Amino acid sequence: MPRFLIEVPHSIEAMACAREVHVFLSTGSHFLTNADWGCMDGVHCAWLTVDVASKEDARMLLPPVFRAQARIIGLNSFNLEQIEAMLAESKP
């Protein structure tokens, strides 16, 4: 199944930040309650890594208020053989 990184930025204001974190924690959703946050390091974003069928499915995991500003990134892995083949193809 495809894997996606969901990045949800939010306000740097302390009370707004706390309210947004509260929304995630109070949903009861396993995905949202296990989000990682950068707030304590000054990066006001939440990150989730999910295995779902599509980017739209990933977006739908979020509360509606966060969907528009969320960035959904399809993740992939590489192995050495794949990269060596790509590099070999690009040689003149």
# chains A, B, ... in the order shown; residues from 1 in each chain; ligands from 1

call {"tool": "closest_atom_pairs", "arguments": {"of": "segment 2-50 of chain A", "to": "segment 57-64 of chain A", "cutoff": "8 Å", "atoms": "only C-alpha atoms", "output": "tab-separated table"}}
result
residue	atom	partner	partner_atom	distance
A:Phe4	CA	A:Ala58	CA	7.1
A:Ile6	CA	A:Ala58	CA	7.3
A:Phe24	CA	A:Pro63	CA	8.0
A:Phe31	CA	A:Leu61	CA	7.7
A:Leu32	CA	A:Leu62	CA	7.5
A:Val50	CA	A:Ala58	CA	7.1

call {"tool": "select_by_dssp", "arguments": {"residues": "chain A", "states": "helix (DSSP H, G or I)", "output": "mmCIF file with C-alpha atoms, in the first residue's frame"}}
result
data_model
loop_
_atom_site.group_PDB
_atom_site.id
_atom_site.type_symbol
_atom_site.label_atom_id
_atom_site.label_comp_id
_atom_site.auth_asym_id
_atom_site.auth_seq_id
_atom_site.Cartn_x
_atom_site.Cartn_y
_atom_site.Cartn_z
ATOM 1 C CA ALA A 14 0.882 29.750 21.866
ATOM 2 C CA MET A 15 -2.895 29.567 22.374
ATOM 3 C CA ALA A 16 -3.625 28.870 18.698
ATOM 4 C CA CYS A 17 -0.956 26.166 18.710
ATOM 5 C CA ALA A 18 -2.455 24.580 21.835
ATOM 6 C CA ARG A 19 -5.957 24.647 20.317
ATOM 7 C CA GLU A 20 -4.763 22.944 17.147
ATOM 8 C CA VAL A 21 -2.901 20.243 19.070
ATOM 9 C CA HIS A 22 -6.032 19.779 21.198
ATOM 10 C CA VAL A 23 -8.120 19.152 18.073
ATOM 11 C CA PHE A 24 -5.750 16.367 17.016
ATOM 12 C CA LEU A 25 -5.641 14.768 20.450
ATOM 13 C CA SER A 26 -9.374 14.946 21.083
ATOM 14 C CA HIS A 30 -5.093 6.667 16.117
ATOM 15 C CA PHE A 31 -3.417 8.546 13.263
ATOM 16 C CA LEU A 32 -4.008 11.999 14.706
ATOM 17 C CA THR A 33 -3.282 11.217 18.344
ATOM 18 C CA CYS A 39 6.410 23.032 18.192
ATOM 19 C CA MET A 40 8.906 22.641 21.036
ATOM 20 C CA ASP A 41 11.692 23.262 18.502
ATOM 21 C CA LYS A 55 -3.308 11.211 -1.398
ATOM 22 C CA GLU A 56 -6.998 12.028 -1.114
ATOM 23 C CA ASP A 57 -7.460 9.240 1.453
ATOM 24 C CA ALA A 58 -4.547 10.700 3.408
ATOM 25 C CA ARG A 59 -6.099 14.180 3.307
ATOM 26 C CA MET A 60 -9.446 12.817 4.484
ATOM 27 C CA PRO A 64 -11.757 19.417 7.731
ATOM 28 C CA VAL A 65 -10.268 22.636 9.109
ATOM 29 C CA PHE A 66 -6.714 21.372 8.409
ATOM 30 C CA ARG A 67 -7.191 19.771 4.996
ATOM 31 C CA LEU A 80 21.215 0.509 -4.434
ATOM 32 C CA GLU A 81 20.466 -1.531 -7.549
ATOM 33 C CA GLN A 82 17.728 0.870 -8.660
ATOM 34 C CA ILE A 83 19.974 3.891 -8.240
ATOM 35 C CA GLU A 84 22.914 2.254 -9.962
ATOM 36 C CA ALA A 85 20.649 1.371 -12.906
ATOM 37 C CA MET A 86 19.421 4.968 -13.101
ATOM 38 C CA LEU A 87 22.978 6.287 -12.987
ATOM 39 C CA ALA A 88 24.089 3.825 -15.670
ATOM 40 C CA GLU A 89 21.249 4.948 -17.967
ATOM 41 C CA SER A 90 22.333 8.572 -17.714
#

call {"tool": "select_by_dssp", "arguments": {"residues": "segment 23-68 of chain A", "states": "strand (DSSP E)", "output": "list in words"}}
result
Asp36, Trp37, Cys45, Ala46, Trp47, Leu48, Thr49, Val50 and Asp51 of chain A

call {"tool": "write_last_selection", "arguments": {"atoms": "N, CA, C and O atoms", "output": "mmCIF file, in the first residue's frame"}}
result
data_model
loop_
_atom_site.group_PDB
_atom_site.id
_atom_site.type_symbol
_atom_site.label_atom_id
_atom_site.label_comp_id
_atom_site.auth_asym_id
_atom_site.auth_seq_id
_atom_site.Cartn_x
_atom_site.Cartn_y
_atom_site.Cartn_z
ATOM 1 N N ASP A 36 3.463 13.528 15.167
ATOM 2 C CA ASP A 36 4.685 14.127 15.706
ATOM 3 C C ASP A 36 4.598 15.631 15.495
ATOM 4 O O ASP A 36 4.066 16.104 14.482
ATOM 5 N N TRP A 37 5.118 16.368 16.448
ATOM 6 C CA TRP A 37 5.025 17.830 16.435
ATOM 7 C C TRP A 37 6.410 18.452 16.537
ATOM 8 O O TRP A 37 7.274 17.941 17.239
ATOM 9 N N CYS A 45 4.445 22.554 13.068
ATOM 10 C CA CYS A 45 3.847 21.605 12.133
ATOM 11 C C CYS A 45 3.589 20.297 12.858
ATOM 12 O O CYS A 45 4.278 19.966 13.819
ATOM 13 N N ALA A 46 2.596 19.591 12.347
ATOM 14 C CA ALA A 46 2.375 18.203 12.753
ATOM 15 C C ALA A 46 2.751 17.344 11.571
ATOM 16 O O ALA A 46 2.571 17.742 10.412
ATOM 17 N N TRP A 47 3.293 16.148 11.847
ATOM 18 C CA TRP A 47 3.632 15.202 10.793
ATOM 19 C C TRP A 47 3.040 13.847 11.130
ATOM 20 O O TRP A 47 3.086 13.394 12.277
ATOM 21 N N LEU A 48 2.472 13.219 10.122
ATOM 22 C CA LEU A 48 1.941 11.874 10.247
ATOM 23 C C LEU A 48 2.451 11.079 9.060
ATOM 24 O O LEU A 48 2.540 11.608 7.947
ATOM 25 N N THR A 49 2.777 9.827 9.271
ATOM 26 C CA THR A 49 3.119 8.922 8.179
ATOM 27 C C THR A 49 2.054 7.841 8.171
ATOM 28 O O THR A 49 1.821 7.186 9.192
ATOM 29 N N VAL A 50 1.379 7.706 7.031
ATOM 30 C CA VAL A 50 0.242 6.788 6.945
ATOM 31 C C VAL A 50 0.341 5.918 5.703
ATOM 32 O O VAL A 50 0.893 6.324 4.688
ATOM 33 N N ASP A 51 -0.197 4.724 5.816
ATOM 34 C CA ASP A 51 -0.312 3.813 4.684
ATOM 35 C C ASP A 51 -1.781 3.773 4.277
ATOM 36 O O ASP A 51 -2.607 3.186 4.983
#

call {"tool": "closest_residue", "arguments": {"among": "A:Ala53, A:Asn79, A:Asn34, A:His44", "to": "Pro2 of chain A", "atoms": "only C-alpha atoms"}}
result
A:Ala53

call {"tool": "atom_distance", "arguments": {"atom1": "atom CA of Phe78 of chain A", "atom2": "atom CA of Gly38 of chain A"}}
result
26.7 Å

call {"tool": "decode", "arguments": {"residues": "segment 56-92 of chain A", "atoms": "C-alpha atoms", "output": "mmCIF file, in the first residue's frame"}}
result
data_model
loop_
_atom_site.group_PDB
_atom_site.id
_atom_site.type_symbol
_atom_site.label_atom_id
_atom_site.label_comp_id
_atom_site.auth_asym_id
_atom_site.auth_seq_id
_atom_site.Cartn_x
_atom_site.Cartn_y
_atom_site.Cartn_z
ATOM 1 C CA GLU A 56 -6.998 12.028 -1.114
ATOM 2 C CA ASP A 57 -7.460 9.240 1.453
ATOM 3 C CA ALA A 58 -4.547 10.700 3.408
ATOM 4 C CA ARG A 59 -6.099 14.180 3.307
ATOM 5 C CA MET A 60 -9.446 12.817 4.484
ATOM 6 C CA LEU A 61 -7.841 11.534 7.696
ATOM 7 C CA LEU A 62 -7.475 15.141 8.820
ATOM 8 C CA PRO A 63 -10.170 17.233 10.454
ATOM 9 C CA PRO A 64 -11.757 19.417 7.731
ATOM 10 C CA VAL A 65 -10.268 22.636 9.109
ATOM 11 C CA PHE A 66 -6.714 21.372 8.409
ATOM 12 C CA ARG A 67 -7.191 19.771 4.996
ATOM 13 C CA ALA A 68 -6.600 22.828 2.786
ATOM 14 C CA GLN A 69 -3.219 23.769 4.254
ATOM 15 C CA ALA A 70 -1.918 20.204 4.623
ATOM 16 C CA ARG A 71 0.864 19.017 2.360
ATOM 17 C CA ILE A 72 0.598 15.370 1.351
ATOM 18 C CA ILE A 73 3.799 13.772 0.082
ATOM 19 C CA GLY A 74 3.945 10.332 -1.495
ATOM 20 C CA LEU A 75 6.926 8.452 -0.066
ATOM 21 C CA ASN A 76 9.097 5.872 -1.723
ATOM 22 C CA SER A 77 12.242 3.918 -0.985
ATOM 23 C CA PHE A 78 15.205 3.203 -3.203
ATOM 24 C CA ASN A 79 17.653 0.356 -3.185
ATOM 25 C CA LEU A 80 21.215 0.509 -4.434
ATOM 26 C CA GLU A 81 20.466 -1.531 -7.549
ATOM 27 C CA GLN A 82 17.728 0.870 -8.660
ATOM 28 C CA ILE A 83 19.974 3.891 -8.240
ATOM 29 C CA GLU A 84 22.914 2.254 -9.962
ATOM 30 C CA ALA A 85 20.649 1.371 -12.906
ATOM 31 C CA MET A 86 19.421 4.968 -13.101
ATOM 32 C CA LEU A 87 22.978 6.287 -12.987
ATOM 33 C CA ALA A 88 24.089 3.825 -15.670
ATOM 34 C CA GLU A 89 21.249 4.948 -17.967
ATOM 35 C CA SER A 90 22.333 8.572 -17.714
ATOM 36 C CA LYS A 91 25.944 7.955 -18.736
ATOM 37 C CA PRO A 92 26.773 9.019 -22.304
#
